[in-house]
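Dropping data34.cif in here (mmCIF, C-alpha atoms):
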```
data_my_file
#
loop_
_atom_site.group_PDB
_atom_site.id
_atom_site.type_symbol
_atom_site.label_atom_id
_atom_site.label_comp_id
_atom_site.auth_asym_id
_atom_site.auth_seq_id
_atom_site.Cartn_x
_atom_site.Cartn_y
_atom_site.Cartn_z
ATOM 1 C CA GLN A 18 0.979 -61.577 -21.546
ATOM 2 C CA HIS A 19 -1.323 -60.231 -24.232
ATOM 3 C CA MET A 20 -3.217 -58.234 -21.613
ATOM 4 C CA LEU A 21 -0.125 -56.487 -20.229
ATOM 5 C CA PRO A 22 0.362 -53.939 -23.047
ATOM 6 C CA GLN A 23 -3.335 -53.046 -22.873
ATOM 7 C CA ALA A 24 -3.137 -52.573 -19.103
ATOM 8 C CA MET A 25 -0.011 -50.442 -19.470
ATOM 9 C CA GLN A 26 -1.803 -48.317 -22.054
ATOM 10 C CA CYS A 27 -4.740 -47.821 -19.666
ATOM 11 C CA VAL A 28 -2.384 -46.749 -16.885
ATOM 12 C CA ALA A 29 -0.601 -44.310 -19.196
ATOM 13 C CA THR A 30 -3.930 -42.858 -20.349
ATOM 14 C CA ALA A 31 -5.091 -42.451 -16.758
ATOM 15 C CA GLN A 32 -1.834 -40.724 -15.828
ATOM 16 C CA GLN A 33 -2.191 -38.328 -18.756
ATOM 17 C CA GLN A 34 -5.749 -37.532 -17.700
ATOM 18 C CA LEU A 35 -4.616 -36.861 -14.139
ATOM 19 C CA LEU A 36 -1.838 -34.585 -15.369
ATOM 20 C CA ALA A 37 -4.263 -32.753 -17.649
ATOM 21 C CA ALA A 38 -6.738 -32.354 -14.790
ATOM 22 C CA GLY A 39 -3.986 -31.055 -12.516
ATOM 23 C CA ALA A 40 -2.815 -28.578 -15.162
ATOM 24 C CA SER A 41 -6.376 -27.394 -15.703
ATOM 25 C CA GLU A 42 -6.888 -26.938 -11.950
ATOM 26 C CA ARG A 43 -3.662 -24.942 -11.696
ATOM 27 C CA ARG A 44 -4.651 -22.711 -14.634
ATOM 28 C CA GLN A 45 -7.970 -22.053 -12.944
ATOM 29 C CA ALA A 46 -6.197 -21.262 -9.669
ATOM 30 C CA VAL A 47 -3.808 -18.862 -11.423
ATOM 31 C CA GLN A 48 -6.712 -17.137 -13.154
ATOM 32 C CA ALA A 49 -8.734 -16.897 -9.928
ATOM 33 C CA ALA A 50 -5.769 -15.415 -8.051
ATOM 34 C CA GLN A 51 -5.114 -12.942 -10.870
ATOM 35 C CA ASP A 52 -8.783 -11.911 -11.030
ATOM 36 C CA GLU A 53 -8.885 -11.313 -7.273
ATOM 37 C CA LEU A 54 -5.677 -9.273 -7.442
ATOM 38 C CA GLU A 55 -7.034 -7.140 -10.279
ATOM 39 C CA GLN A 56 -10.325 -6.405 -8.513
ATOM 40 C CA ILE A 57 -8.622 -5.410 -5.249
ATOM 41 C CA ALA A 58 -5.904 -3.381 -6.987
ATOM 42 C CA ILE A 59 -8.452 -1.366 -8.983
ATOM 43 C CA LYS A 60 -10.621 -0.605 -5.939
ATOM 44 C CA VAL A 61 -7.645 0.430 -3.825
ATOM 45 C CA GLN A 62 -6.208 2.645 -6.570
ATOM 46 C CA LEU A 63 -9.574 4.386 -6.920
ATOM 47 C CA ALA A 64 -9.802 4.827 -3.144
ATOM 48 C CA VAL A 65 -6.244 6.206 -2.968
ATOM 49 C CA ARG A 66 -7.027 8.721 -5.715
ATOM 50 C CA GLY A 67 -10.203 9.721 -3.923
ATOM 51 C CA VAL A 68 -8.392 10.366 -0.645
ATOM 52 C CA ALA A 69 -5.697 12.312 -2.519
ATOM 53 C CA SER A 70 -8.400 14.397 -4.211
ATOM 54 C CA LEU A 71 -10.051 15.084 -0.860
ATOM 55 C CA ALA A 72 -6.654 16.084 0.569
ATOM 56 C CA GLY A 73 -6.076 18.393 -2.410
ATOM 57 C CA VAL A 74 -9.368 20.171 -1.834
ATOM 58 C CA HIS A 75 -8.480 20.478 1.826
ATOM 59 C CA GLY A 76 -5.026 21.851 0.998
ATOM 60 C CA ALA A 77 -6.527 24.606 -1.127
ATOM 61 C CA ALA A 78 -9.089 25.423 1.550
ATOM 62 C CA LYS A 79 -6.464 25.621 4.312
ATOM 63 C CA GLU A 80 -5.180 28.897 2.883
ATOM 64 C CA LYS A 81 -8.507 30.507 3.810
ATOM 65 C CA MET A 82 -8.611 29.044 7.327
ATOM 66 C CA THR A 83 -7.074 29.890 10.648
ATOM 67 C CA GLU A 84 -4.535 27.425 12.029
ATOM 68 C CA GLY A 85 -7.106 25.983 14.445
ATOM 69 C CA GLU A 86 -9.675 25.458 11.703
ATOM 70 C CA ALA A 87 -7.116 23.883 9.362
ATOM 71 C CA ASN A 88 -6.265 21.219 11.927
ATOM 72 C CA HIS A 89 -9.884 20.327 12.576
ATOM 73 C CA GLY A 90 -12.489 18.151 10.855
ATOM 74 C CA LEU A 91 -11.341 17.274 7.379
ATOM 75 C CA THR A 92 -7.708 16.786 8.424
ATOM 76 C CA LYS A 93 -8.778 14.105 10.885
ATOM 77 C CA THR A 94 -11.096 12.529 8.312
ATOM 78 C CA ILE A 95 -8.311 12.260 5.738
ATOM 79 C CA GLU A 96 -5.847 10.806 8.257
ATOM 80 C CA ALA A 97 -8.438 8.272 9.431
ATOM 81 C CA LEU A 98 -9.228 7.246 5.848
ATOM 82 C CA GLU A 99 -5.520 6.773 5.096
ATOM 83 C CA ARG A 100 -4.988 4.574 8.151
ATOM 84 C CA ALA A 101 -8.100 2.534 7.403
ATOM 85 C CA LEU A 102 -7.074 2.004 3.789
ATOM 86 C CA LEU A 103 -3.547 0.931 4.762
ATOM 87 C CA LYS A 104 -4.888 -1.589 7.287
ATOM 88 C CA GLY A 105 -7.719 -2.731 5.040
ATOM 89 C CA GLY A 106 -7.562 -2.495 1.261
ATOM 90 C CA CYS A 107 -3.781 -2.082 0.953
ATOM 91 C CA THR A 108 -3.212 -5.104 3.173
ATOM 92 C CA GLU A 109 -5.680 -7.071 1.031
ATOM 93 C CA TRP A 110 -3.640 -6.029 -2.028
ATOM 94 C CA TRP A 111 -0.446 -7.339 -0.431
ATOM 95 C CA ILE A 112 -2.159 -10.647 0.444
ATOM 96 C CA ALA A 113 -3.492 -10.968 -3.122
ATOM 97 C CA LEU A 114 0.029 -10.400 -4.481
ATOM 98 C CA LEU A 115 1.425 -13.013 -2.110
ATOM 99 C CA ARG A 116 -1.270 -15.478 -3.143
ATOM 100 C CA CYS A 117 -0.544 -14.893 -6.847
ATOM 101 C CA GLU A 118 3.184 -15.377 -6.399
ATOM 102 C CA ALA A 119 2.632 -18.591 -4.403
ATOM 103 C CA VAL A 120 0.445 -20.016 -7.196
ATOM 104 C CA HIS A 121 3.029 -19.068 -9.839
ATOM 105 C CA ALA A 122 5.743 -20.670 -7.690
ATOM 106 C CA GLY A 123 3.911 -24.024 -7.793
ATOM 107 C CA MET A 124 2.353 -24.155 -4.337
ATOM 108 C CA GLU A 125 -0.809 -26.238 -4.150
ATOM 109 C CA PRO A 126 -3.888 -24.009 -4.614
ATOM 110 C CA ALA A 127 -5.807 -25.964 -1.979
ATOM 111 C CA ARG A 128 -3.153 -24.992 0.573
ATOM 112 C CA ILE A 129 -2.821 -21.342 -0.478
ATOM 113 C CA GLN A 130 -6.413 -20.286 0.190
ATOM 114 C CA PRO A 131 -6.572 -21.178 3.906
ATOM 115 C CA LEU A 132 -3.131 -19.652 4.454
ATOM 116 C CA ALA A 133 -4.226 -16.420 2.755
ATOM 117 C CA GLU A 134 -7.269 -16.287 5.036
ATOM 118 C CA GLU A 135 -5.099 -16.833 8.118
ATOM 119 C CA LEU A 136 -3.070 -13.734 7.215
ATOM 120 C CA LEU A 137 -6.064 -11.693 8.382
ATOM 121 C CA HIS A 138 -5.962 -13.260 11.866
ATOM 122 C CA SER A 139 -3.293 -11.896 14.190
ATOM 123 C CA THR A 140 -2.866 -15.125 16.194
ATOM 124 C CA ARG A 141 -2.146 -17.297 13.134
ATOM 125 C CA ARG A 142 -0.702 -14.694 10.800
ATOM 126 C CA GLU A 143 3.024 -15.266 11.255
ATOM 127 C CA GLY A 144 2.935 -19.014 10.594
ATOM 128 C CA ALA A 145 0.868 -18.557 7.428
ATOM 129 C CA ARG A 146 3.123 -15.745 6.248
ATOM 130 C CA LYS A 147 6.280 -17.828 6.692
ATOM 131 C CA GLU A 148 4.832 -20.808 4.828
ATOM 132 C CA LEU A 149 3.700 -18.701 1.879
ATOM 133 C CA MET A 150 6.952 -16.735 1.723
ATOM 134 C CA SER A 151 8.998 -19.942 1.786
ATOM 135 C CA ALA A 152 7.382 -21.052 -1.481
ATOM 136 C CA LEU A 153 8.626 -17.973 -3.350
ATOM 137 C CA SER A 154 11.916 -17.184 -4.997
ATOM 138 C CA ALA A 155 14.298 -15.121 -2.866
ATOM 139 C CA LYS A 156 13.782 -12.066 -5.074
ATOM 140 C CA ALA A 157 9.966 -12.263 -4.979
ATOM 141 C CA ALA A 158 9.980 -12.816 -1.196
ATOM 142 C CA GLN A 159 12.274 -9.825 -0.682
ATOM 143 C CA THR A 160 10.036 -7.641 -2.854
ATOM 144 C CA LEU A 161 6.878 -8.644 -1.006
ATOM 145 C CA GLN A 162 8.591 -8.056 2.335
ATOM 146 C CA ALA A 163 9.255 -4.486 1.185
ATOM 147 C CA VAL A 164 5.563 -4.075 0.341
ATOM 148 C CA GLU A 165 4.627 -5.479 3.745
ATOM 149 C CA THR A 166 7.035 -3.107 5.491
ATOM 150 C CA SER A 167 5.408 -0.114 3.797
ATOM 151 C CA LEU A 168 2.120 -1.168 5.419
ATOM 152 C CA GLY A 169 3.378 -1.637 8.942
ATOM 153 C CA SER A 170 6.059 1.002 9.300
ATOM 154 C CA LYS A 171 5.426 3.865 11.707
ATOM 155 C CA GLY A 172 4.228 6.857 9.787
ATOM 156 C CA GLY A 173 3.383 4.761 6.719
ATOM 157 C CA THR A 174 1.432 6.594 4.016
ATOM 158 C CA LEU A 175 -0.622 5.711 0.968
ATOM 159 C CA ASP A 176 1.965 7.417 -1.250
ATOM 160 C CA GLY A 177 4.697 5.274 0.290
ATOM 161 C CA PHE A 178 2.700 2.102 -0.262
ATOM 162 C CA MET A 179 1.938 2.952 -3.897
ATOM 163 C CA ASP A 180 5.601 3.782 -4.572
ATOM 164 C CA THR A 181 6.587 0.361 -3.201
ATOM 165 C CA ILE A 182 3.924 -1.332 -5.347
ATOM 166 C CA HIS A 183 5.224 0.377 -8.490
ATOM 167 C CA LYS A 184 8.814 -0.637 -7.700
ATOM 168 C CA ALA A 185 7.693 -4.239 -7.174
ATOM 169 C CA GLU A 186 6.177 -4.579 -10.645
ATOM 170 C CA SER A 187 9.474 -5.387 -12.349
ATOM 171 C CA THR A 188 10.061 -8.346 -10.018
ATOM 172 C CA LEU A 189 6.663 -9.924 -9.490
ATOM 173 C CA GLY A 190 5.038 -12.175 -12.065
ATOM 174 C CA ALA A 191 1.524 -10.821 -11.529
ATOM 175 C CA PRO A 192 1.356 -7.242 -12.839
ATOM 176 C CA CYS A 193 -1.304 -4.953 -11.383
ATOM 177 C CA PRO A 194 -3.658 -3.159 -13.767
ATOM 178 C CA LYS A 195 -3.178 0.530 -14.404
ATOM 179 C CA VAL A 196 -6.239 2.718 -13.949
ATOM 180 C CA ASP A 197 -6.271 5.523 -16.506
ATOM 181 C CA LYS A 198 -8.996 8.187 -16.688
ATOM 182 C CA LYS A 199 -11.190 6.134 -19.031
ATOM 183 C CA ARG A 200 -10.985 3.040 -16.876
ATOM 184 C CA GLU A 201 -11.420 5.079 -13.713
ATOM 185 C CA LYS A 202 -14.744 6.430 -14.965
ATOM 186 C CA ALA A 203 -15.891 2.965 -16.023
ATOM 187 C CA GLU A 204 -14.944 1.423 -12.673
ATOM 188 C CA ILE A 205 -16.583 4.236 -10.688
ATOM 189 C CA ASP A 206 -19.783 3.767 -12.706
ATOM 190 C CA LYS A 207 -19.595 0.011 -12.126
ATOM 191 C CA ALA A 208 -19.114 0.469 -8.373
ATOM 192 C CA ARG A 209 -21.935 3.015 -8.216
ATOM 193 C CA LYS A 210 -24.332 0.649 -9.976
ATOM 194 C CA ALA A 211 -23.444 -2.269 -7.688
ATOM 195 C CA LEU A 212 -23.695 -0.165 -4.519
ATOM 196 C CA ARG A 213 -27.048 1.318 -5.538
ATOM 197 C CA ALA A 214 -28.495 -2.123 -6.235
ATOM 198 C CA GLN A 215 -27.310 -3.425 -2.859
ATOM 199 C CA PHE A 216 -28.464 -0.293 -1.033
ATOM 200 C CA GLU A 217 -31.975 -0.310 -2.498
ATOM 201 C CA SER A 218 -32.576 -3.915 -1.417
ATOM 202 C CA GLU A 219 -30.708 -3.890 1.924
ATOM 203 C CA ALA A 220 -32.912 -4.231 5.020
ATOM 204 C CA GLU A 221 -30.318 -4.448 7.821
ATOM 205 C CA PRO A 222 -30.072 -0.921 9.318
ATOM 206 C CA ALA A 223 -26.327 -1.016 10.132
ATOM 207 C CA ILE A 224 -25.424 -2.148 6.621
ATOM 208 C CA CYS A 225 -27.867 0.352 5.130
ATOM 209 C CA LEU A 226 -26.174 3.188 7.050
ATOM 210 C CA HIS A 227 -22.724 2.082 5.877
ATOM 211 C CA LEU A 228 -23.865 1.903 2.249
ATOM 212 C CA ALA A 229 -25.596 5.290 2.545
ATOM 213 C CA VAL A 230 -22.384 7.007 3.640
ATOM 214 C CA VAL A 231 -20.317 5.239 0.960
ATOM 215 C CA LEU A 232 -22.794 6.219 -1.757
ATOM 216 C CA LEU A 233 -22.994 9.854 -0.615
ATOM 217 C CA PHE A 234 -19.205 10.172 -0.713
ATOM 218 C CA LEU A 235 -19.223 8.599 -4.162
ATOM 219 C CA GLU A 236 -21.925 10.964 -5.445
ATOM 220 C CA LEU A 237 -20.731 14.169 -3.761
ATOM 221 C CA HIS A 238 -16.950 13.691 -3.864
ATOM 222 C CA GLN A 239 -16.409 11.050 -6.573
ATOM 223 C CA LEU A 240 -14.586 9.248 -3.765
ATOM 224 C CA LEU A 241 -14.899 5.467 -3.524
ATOM 225 C CA LEU A 242 -14.559 4.474 0.125
ATOM 226 C CA TYR A 243 -13.051 1.013 0.386
ATOM 227 C CA SER A 244 -12.626 -1.107 3.531
ATOM 228 C CA VAL A 245 -13.862 1.673 5.828
ATOM 229 C CA PRO A 246 -14.591 0.424 9.370
ATOM 230 C CA GLY A 247 -17.914 1.274 10.969
ATOM 231 C CA ARG A 248 -16.256 3.326 13.722
ATOM 232 C CA LEU A 249 -15.395 5.997 11.137
ATOM 233 C CA LEU A 250 -19.005 6.520 10.032
ATOM 234 C CA PRO A 251 -19.796 9.310 12.560
ATOM 235 C CA MET A 252 -16.707 11.246 11.434
ATOM 236 C CA LEU A 253 -17.632 10.783 7.769
ATOM 237 C CA ILE A 254 -21.220 11.846 8.417
ATOM 238 C CA ASP A 255 -19.926 15.007 10.129
ATOM 239 C CA HIS A 256 -17.921 15.770 7.007
ATOM 240 C CA LEU A 257 -21.118 15.585 4.925
ATOM 241 C CA GLN A 258 -22.748 18.321 7.011
ATOM 242 C CA HIS A 259 -21.889 21.081 4.531
ATOM 243 C CA ARG A 260 -22.548 18.970 1.441
ATOM 244 C CA VAL A 261 -26.174 18.011 2.083
ATOM 245 C CA ALA A 262 -29.260 19.940 3.198
ATOM 246 C CA GLU A 263 -29.712 20.601 6.902
ATOM 247 C CA ASP A 264 -32.668 18.230 7.213
ATOM 248 C CA GLU A 265 -30.753 15.512 5.332
ATOM 249 C CA TYR A 266 -27.794 15.830 7.671
ATOM 250 C CA ALA A 267 -30.160 15.660 10.656
ATOM 251 C CA ALA A 268 -31.724 12.477 9.217
ATOM 252 C CA LEU A 269 -28.279 10.860 8.830
ATOM 253 C CA VAL A 270 -27.257 11.759 12.382
ATOM 254 C CA HIS A 271 -30.572 10.511 13.794
ATOM 255 C CA PHE A 272 -30.341 7.214 11.916
ATOM 256 C CA ALA A 273 -26.703 6.726 12.965
ATOM 257 C CA GLY A 274 -27.680 7.316 16.577
ATOM 258 C CA LEU A 275 -30.445 4.723 16.389
ATOM 259 C CA VAL A 276 -28.108 2.179 14.778
ATOM 260 C CA GLN A 277 -25.513 2.762 17.502
ATOM 261 C CA ALA A 278 -28.119 2.480 20.264
ATOM 262 C CA ALA A 279 -29.384 -0.788 18.786
ATOM 263 C CA LEU A 280 -26.001 -2.369 19.492
ATOM 264 C CA THR A 281 -26.547 -2.171 23.248
ATOM 265 C CA SER A 282 -30.320 -2.066 23.697
ATOM 266 C CA GLU A 283 -33.557 -3.208 22.123
ATOM 267 C CA PRO A 284 -34.420 -0.660 19.431
ATOM 268 C CA SER A 285 -37.827 0.689 18.510
ATOM 269 C CA GLU A 286 -38.304 -1.187 15.249
ATOM 270 C CA PRO A 287 -40.833 1.259 13.724
ATOM 271 C CA GLU A 288 -38.608 4.262 14.503
ATOM 272 C CA LEU A 289 -35.487 2.520 13.242
ATOM 273 C CA HIS A 290 -37.148 1.422 10.010
ATOM 274 C CA ALA A 291 -38.692 4.843 9.440
ATOM 275 C CA ALA A 292 -35.264 6.484 9.878
ATOM 276 C CA ARG A 293 -33.716 3.923 7.512
ATOM 277 C CA ASP A 294 -36.347 4.578 4.839
ATOM 278 C CA LYS A 295 -35.850 8.350 5.130
ATOM 279 C CA VAL A 296 -32.097 7.981 4.644
ATOM 280 C CA ARG A 297 -32.686 5.614 1.747
ATOM 281 C CA GLN A 298 -34.875 8.242 0.029
ATOM 282 C CA LEU A 299 -32.346 11.054 0.471
ATOM 283 C CA VAL A 300 -29.469 8.967 -0.859
ATOM 284 C CA ILE A 301 -31.474 7.860 -3.893
ATOM 285 C CA ALA A 302 -32.370 11.522 -4.519
ATOM 286 C CA HIS A 303 -28.665 12.439 -4.626
ATOM 287 C CA ALA A 304 -27.928 9.468 -6.881
ATOM 288 C CA SER A 305 -30.610 10.277 -9.436
#
```
Would you mind giving the structure from this file in structure tokens?
Amino acid sequence: QHMLPQAMQCVATAQQQLLAAGASERRQAVQAAQDELEQIAIKVQLAVRGVASLAGVHGAAKEKMTEGEANHGLTKTIEALERALLKGGCTEWWIALLRCEAVHAGMEPARIQPLAEELLHSTRREGARKELMSALSAKAAQTLQAVETSLGSKGGTLDGFMDTIHKAESTLGAPCPKVDKKREKAEIDKARKALRAQFESEAEPAICLHLAVVLLFLELHQLLLYSVPGRLLPMLIDHLQHRVAEDEYAALVHFAGLVQAALTSEPSEPELHAARDKVRQLVIAHAS
């Protein structure tokens, strides 16, 4: 009998510790989801502004072109970048919002992560989407469905997606950070520093080529390319033709050709590495 109160006290203490541990885990999950959302939202906003800036330059230049010239080259580049960003970074933003809302709604963090990853796989996407949406309030689910629709609708645009994001802010519990001019400069500098460090140490030719193109667009256009698929690299390199020296453009084209050939045949390692090192030197020269 005398031991019973002591045992009860031990059980109560253990329960309190479990509750505290659970609360701590949930706070960490909320913070992790919010941090991921912020990082993606900032990168996508910078990429959207960059594409808009590129389109603005193109719009001004179109007045000096013939109709055939205006519909060639840069127009296709801009359209391809918009589609890639909608399918890539903007979709990641929607998934990050959905993940944040699910955490705030009380869904177990251990369950949210694998479901969020399944949203990127077409065969398992719908089941994961339904489970995550079912955890949300009706208003939050409706708002996120509107964001999703702006991604998948025929003729969807970056402007349309951003308008939907801004309208969603009053409903969702996880606000997205605004990127003003001061923060934009700081984030561009941060991205440039990280990309340079990765580029200077990267040995894999295909990754080196991708980073080279991203860095050149960042240096020459102040445009941060985000979630750009490798199939767009030749088009982007073509766009750089009039922004770099003739021999630099030739080096980029040669290196890209070797990287592409290496996908289907055994490459000449010395030639491939020499081309990589030449591209590395020209990019570093533009970045200095």
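For the pair CA of Glu286 (chain A) and CA of His256 (chain A), the separation is 27.8 Å.
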Would you translate the PyMOL selection byres ((chain A and resi 295) around 12) into the concrete set of residues it matches in this file, as a list in words? Pro222, Cys225, Leu226, Ala229, Asp264, Glu265, Tyr266, Ala267, Ala268, Leu269, Val270, His271, Phe272, Glu288, Leu289, His290, Ala291, Ala292, Arg293, Asp294, Val296, Arg297, Gln298, Leu299, Val300, Ile301 and Ala302 of chain A
Suppose you want the space between CA of Ser154 (chain A) and CA of Leu114 (chain A); what is it in Å?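 CA of Leu114 (chain A) lies 13.7 Å from CA of Ser154 (chain A).
Coordinates place CA of Gln62 (chain A) at a distance of 9.6 Å from CA of Leu241 (chain A).
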Apply the PyMOL selection byres ((chain A and resi 65) around 12) to the structure shown and report the selected residues as a PyMOL selection string. chain A and resi 58-64+66-72+95+98-103+106-107+174-179+196+201+239-244
Among listed residues A:Pro287, A:Pro251, A:Pro131, A:Gly274, nearest Ala97 (chain A) (using all atoms listed in the file):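 Result for the nearest residue to Ala97 (chain A): A:Pro251.
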Could you spell out the hits of the PyMOL selection byres ((chain A and resi 162-164) around 9) on the shown file, as a tab-separated table (two decimals) with C-alpha atoms, keeping the file's coordinate frame?
```
chain	number	residue	atom	x	y	z
A	111	TRP	CA	-0.45	-7.34	-0.43
A	150	MET	CA	6.95	-16.74	1.72
A	157	ALA	CA	9.97	-12.26	-4.98
A	158	ALA	CA	9.98	-12.82	-1.20
A	159	GLN	CA	12.27	-9.82	-0.68
A	160	THR	CA	10.04	-7.64	-2.85
A	161	LEU	CA	6.88	-8.64	-1.01
A	165	GLU	CA	4.63	-5.48	3.74
A	166	THR	CA	7.04	-3.11	5.49
A	167	SER	CA	5.41	-0.11	3.80
A	168	LEU	CA	2.12	-1.17	5.42
A	178	PHE	CA	2.70	2.10	-0.26
A	179	MET	CA	1.94	2.95	-3.90
A	181	THR	CA	6.59	0.36	-3.20
A	182	ILE	CA	3.92	-1.33	-5.35
A	185	ALA	CA	7.69	-4.24	-7.17
```
Quick one: residues within 8 Å of region 143-149 of chain A, only C-alpha atoms counted, chain neighbours fewer than 2 positions away excluded, as a VMD selection string? chain A and resid 115 to 116 119 129 132 to 133 135 to 136 139 to 141 151 to 153
For Ile57 (chain A), which of A:Thr94, A:Thr108, A:Gln45, A:Thr281 is the closest residue, counting only C-alpha atoms?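 Looking only at the distances to Ile57 (chain A), the closest residue turns out to be A:Thr108.
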Using only C-alpha atoms, find the one residue out of A:Gln130, A:Ser41, A:Gln56, A:Gln48 that sits nearest to Lys207 (chain A).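 Ranking A:Gln130, A:Ser41, A:Gln56, A:Gln48 by distance to Lys207 (chain A), first place goes to A:Gln56.
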Point out the residue among A:Leu91, A:Lys195, A:Gly169, A:Leu253 with the least atom-to-atom distance to His183 (chain A), counting all atoms listed in the file.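 Looking at the shortest contact to His183 (chain A), the residue is A:Lys195.
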For a quick check of understanding, using all atoms listed in the file, which of A:Ala262, A:Leu54, A:Ala304, A:Ala155 has the smallest distance to Cys193 (chain A)?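 With all atoms listed in the file as the atom set, the closest residue is A:Leu54.
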